[in-house]
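Raw contents of upload-v4.csv, CSV, C-alpha atoms:
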```csv
chain,number,residue,atom,x,y,z
E,1,MET,CA,-32.0,131.6,29.1
E,2,THR,CA,-31.0,132.3,32.7
E,3,SER,CA,-32.5,129.0,33.8
E,4,LEU,CA,-30.1,127.2,31.5
E,5,THR,CA,-27.2,129.1,32.9
E,6,LYS,CA,-28.3,128.2,36.4
E,7,ILE,CA,-28.6,124.5,35.5
E,8,LEU,CA,-25.2,124.5,33.9
E,9,SER,CA,-23.7,126.2,36.9
E,10,LYS,CA,-25.2,123.7,39.3
E,11,LEU,CA,-24.0,120.8,37.1
E,12,SER,CA,-20.5,122.1,36.9
E,13,GLY,CA,-20.4,122.6,40.6
E,14,TYR,CA,-21.6,119.0,41.2
E,15,PHE,CA,-19.2,117.4,38.8
E,16,SER,CA,-16.2,119.5,39.8
E,17,ASN,CA,-15.9,117.2,42.9
E,18,ARG,CA,-16.9,114.1,41.1
E,19,LYS,CA,-14.8,114.2,37.9
E,20,GLY,CA,-14.8,110.4,37.2
E,21,LEU,CA,-18.5,109.8,37.9
E,22,LEU,CA,-19.7,110.2,34.3
E,23,ILE,CA,-16.9,107.9,33.0
E,24,PHE,CA,-17.9,105.2,35.5
E,25,ILE,CA,-21.5,105.5,34.5
E,26,ALA,CA,-20.4,105.2,30.9
E,27,ILE,CA,-18.4,102.0,31.6
E,28,PHE,CA,-21.3,100.6,33.5
E,29,LEU,CA,-23.7,101.2,30.6
E,30,VAL,CA,-21.3,99.6,28.1
E,31,ILE,CA,-20.9,96.5,30.2
E,32,LEU,CA,-24.7,96.4,30.7
E,33,ASN,CA,-25.2,96.6,27.0
E,34,PHE,CA,-22.8,93.6,26.6
E,35,ILE,CA,-24.9,91.6,29.1
E,36,PHE,CA,-28.1,92.6,27.5
E,37,GLY,CA,-26.8,91.4,24.1
E,38,LEU,CA,-26.0,88.0,25.6
E,39,VAL,CA,-29.2,87.5,27.5
E,40,PHE,CA,-32.0,89.3,25.7
E,41,THR,CA,-33.1,89.7,22.1
E,42,ASN,CA,-35.2,92.8,22.5
E,43,TRP,CA,-34.8,96.2,20.7
E,44,VAL,CA,-32.5,97.6,23.3
E,45,ALA,CA,-30.0,94.8,22.7
E,46,GLN,CA,-30.4,94.8,18.9
E,47,SER,CA,-30.0,98.6,18.6
E,48,ASN,CA,-27.1,98.8,21.1
E,49,LEU,CA,-28.9,101.7,22.8
E,50,LEU,CA,-27.0,101.5,26.0
E,51,LEU,CA,-23.6,101.3,24.2
E,52,HIS,CA,-24.3,104.5,22.3
E,53,VAL,CA,-25.6,106.3,25.4
E,54,GLY,CA,-22.6,105.1,27.3
E,55,ILE,CA,-20.1,106.3,24.7
E,56,VAL,CA,-21.8,109.8,24.6
E,57,ILE,CA,-21.8,110.0,28.4
E,58,GLY,CA,-18.2,108.9,28.5
E,59,PHE,CA,-17.1,111.6,26.0
E,60,MET,CA,-19.0,114.2,28.0
E,61,GLY,CA,-17.3,112.9,31.2
E,62,ILE,CA,-13.9,113.3,29.6
E,63,LEU,CA,-14.7,116.8,28.4
E,64,VAL,CA,-16.1,117.8,31.8
E,65,ALA,CA,-13.1,116.4,33.7
E,66,TRP,CA,-10.7,118.1,31.3
E,67,ALA,CA,-12.5,121.5,31.5
E,68,LEU,CA,-12.7,121.4,35.3
```
Go ahead and express the file in the form of structure tokens.
Amino acid sequence: MTSLTKILSKLSGYFSNRKGLLIFIAIFLVILNFIFGLVFTNWVAQSNLLLHVGIVIGFMGILVAWAL
């Protein structure tokens, strides 16, 4: 349990100076999902995996920026 606390402490310290980083990563993943949908027909494009991961990361980025 203490290792989880240490990891969360390090992550919060890292993202306290970079509040918009997770949101930019999320925007990049959503745009990348759009490009994959236009170019490829594999399971990543069909399942919109990058879109879903990008939305979750974006929400986490908003929550982290709001909390810090």
Could you list, as a ChimeraX atom specification, every residue within 9 Å of stretch 18-21 of chain E, counting all atoms listed in the file and ignoring same-chain residues fewer than 6 positions away? /E:61-62,64-66,68
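Going from atom CA of E:Val56 to atom CA of E:Phe15 covers 16.3 Å.
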d(atom CA of E:Val53, atom CA of E:Lys10) in Å: 22.3 Å
Excluding E:Leu51 and its own-chain neighbours fewer than 6 positions away, which residues fall within 7 Å of it when counting all atoms listed in the file? Please give them as number ranges by chain. E: 29-30, 33
Separation of atom CA of E:Phe36 from atom CA of E:Leu22, in Å and rounded to one decimal: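 Atom CA of E:Leu22 lies 20.7 Å from atom CA of E:Phe36.
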Looking at E:Leu8, E:Leu49, E:Ile57, E:Ala67, which one is nearest to E:Phe34, with distances taken over only C-alpha atoms?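 The shortest atom-to-atom distance to E:Phe34 comes from E:Leu49.
Using only C-alpha atoms, the shortest contact distance between E:Ala26 and any of E:Val44, E:Gly54, E:Ser9, E:Leu63 is found at E:Gly54.
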Can you complete the atoms of stretch 23-34 of chain E to all heavy atoms and list them as a compact mmCIF listing (two decimals), keeping the file's coordinate frame?
```
# COMPACT_ATOMS: atom_id res chain seq x y z
N ILE E 23 -17.67 108.98 33.72
CA ILE E 23 -16.90 107.90 33.00
C ILE E 23 -17.27 106.57 33.63
O ILE E 23 -17.42 105.58 32.88
CB ILE E 23 -15.41 108.21 33.14
CG1 ILE E 23 -15.11 109.52 32.42
CG2 ILE E 23 -14.59 107.07 32.57
CD1 ILE E 23 -13.73 110.05 32.62
N PHE E 24 -17.46 106.46 34.94
CA PHE E 24 -17.90 105.20 35.50
C PHE E 24 -19.28 104.81 35.11
O PHE E 24 -19.57 103.63 34.88
CB PHE E 24 -17.79 105.26 37.06
CG PHE E 24 -16.40 105.09 37.59
CD1 PHE E 24 -15.83 106.06 38.39
CD2 PHE E 24 -15.66 103.97 37.28
CE1 PHE E 24 -14.55 105.91 38.88
CE2 PHE E 24 -14.38 103.80 37.76
CZ PHE E 24 -13.82 104.78 38.56
N ILE E 25 -20.16 105.79 35.00
CA ILE E 25 -21.50 105.50 34.50
C ILE E 25 -21.44 105.01 33.06
O ILE E 25 -22.15 104.07 32.69
CB ILE E 25 -22.39 106.78 34.61
CG1 ILE E 25 -22.68 107.10 36.07
CG2 ILE E 25 -23.71 106.60 33.86
CD1 ILE E 25 -23.36 108.42 36.30
N ALA E 26 -20.58 105.60 32.26
CA ALA E 26 -20.40 105.20 30.90
C ALA E 26 -19.90 103.74 30.79
O ALA E 26 -20.40 102.93 30.00
CB ALA E 26 -19.49 106.13 30.14
N ILE E 27 -18.92 103.40 31.61
CA ILE E 27 -18.40 102.00 31.60
C ILE E 27 -19.46 101.05 32.05
O ILE E 27 -19.60 99.96 31.45
CB ILE E 27 -17.15 101.96 32.54
CG1 ILE E 27 -15.99 102.76 31.93
CG2 ILE E 27 -16.74 100.51 32.79
CD1 ILE E 27 -14.83 102.95 32.87
N PHE E 28 -20.24 101.42 33.04
CA PHE E 28 -21.30 100.60 33.50
C PHE E 28 -22.35 100.33 32.39
O PHE E 28 -22.82 99.20 32.19
CB PHE E 28 -22.00 101.18 34.74
CG PHE E 28 -23.21 100.44 35.20
CD1 PHE E 28 -23.08 99.22 35.85
CD2 PHE E 28 -24.48 100.95 34.98
CE1 PHE E 28 -24.20 98.52 36.26
CE2 PHE E 28 -25.60 100.26 35.40
CZ PHE E 28 -25.46 99.05 36.04
N LEU E 29 -22.71 101.37 31.64
CA LEU E 29 -23.70 101.20 30.60
C LEU E 29 -23.14 100.35 29.42
O LEU E 29 -23.89 99.56 28.84
CB LEU E 29 -24.08 102.60 30.02
CG LEU E 29 -24.99 103.43 30.91
CD1 LEU E 29 -25.19 104.81 30.33
CD2 LEU E 29 -26.31 102.73 31.12
N VAL E 30 -21.86 100.46 29.12
CA VAL E 30 -21.30 99.60 28.10
C VAL E 30 -21.27 98.16 28.49
O VAL E 30 -21.60 97.27 27.70
CB VAL E 30 -19.86 100.13 27.71
CG1 VAL E 30 -19.13 99.15 26.82
CG2 VAL E 30 -19.93 101.50 27.06
N ILE E 31 -20.91 97.89 29.74
CA ILE E 31 -20.90 96.50 30.20
C ILE E 31 -22.36 95.98 30.29
O ILE E 31 -22.62 94.83 29.92
CB ILE E 31 -20.26 96.43 31.63
CG1 ILE E 31 -18.77 96.71 31.49
CG2 ILE E 31 -20.50 95.08 32.29
CD1 ILE E 31 -18.04 96.88 32.80
N LEU E 32 -23.30 96.82 30.70
CA LEU E 32 -24.70 96.40 30.70
C LEU E 32 -25.22 96.12 29.33
O LEU E 32 -26.00 95.18 29.14
CB LEU E 32 -25.54 97.52 31.40
CG LEU E 32 -26.97 97.19 31.77
CD1 LEU E 32 -26.98 96.08 32.81
CD2 LEU E 32 -27.66 98.42 32.29
N ASN E 33 -24.78 96.87 28.34
CA ASN E 33 -25.20 96.60 27.00
C ASN E 33 -24.63 95.24 26.51
O ASN E 33 -25.32 94.50 25.81
CB ASN E 33 -24.64 97.70 26.04
CG ASN E 33 -25.04 97.47 24.61
OD1 ASN E 33 -26.19 97.65 24.26
ND2 ASN E 33 -24.09 97.07 23.78
N PHE E 34 -23.40 94.90 26.90
CA PHE E 34 -22.80 93.60 26.60
C PHE E 34 -23.65 92.47 27.17
O PHE E 34 -23.95 91.47 26.50
CB PHE E 34 -21.39 93.53 27.03
CG PHE E 34 -20.73 92.21 26.77
CD1 PHE E 34 -20.42 91.82 25.48
CD2 PHE E 34 -20.45 91.36 27.82
CE1 PHE E 34 -19.82 90.59 25.24
CE2 PHE E 34 -19.86 90.14 27.59
CZ PHE E 34 -19.55 89.75 26.29
```
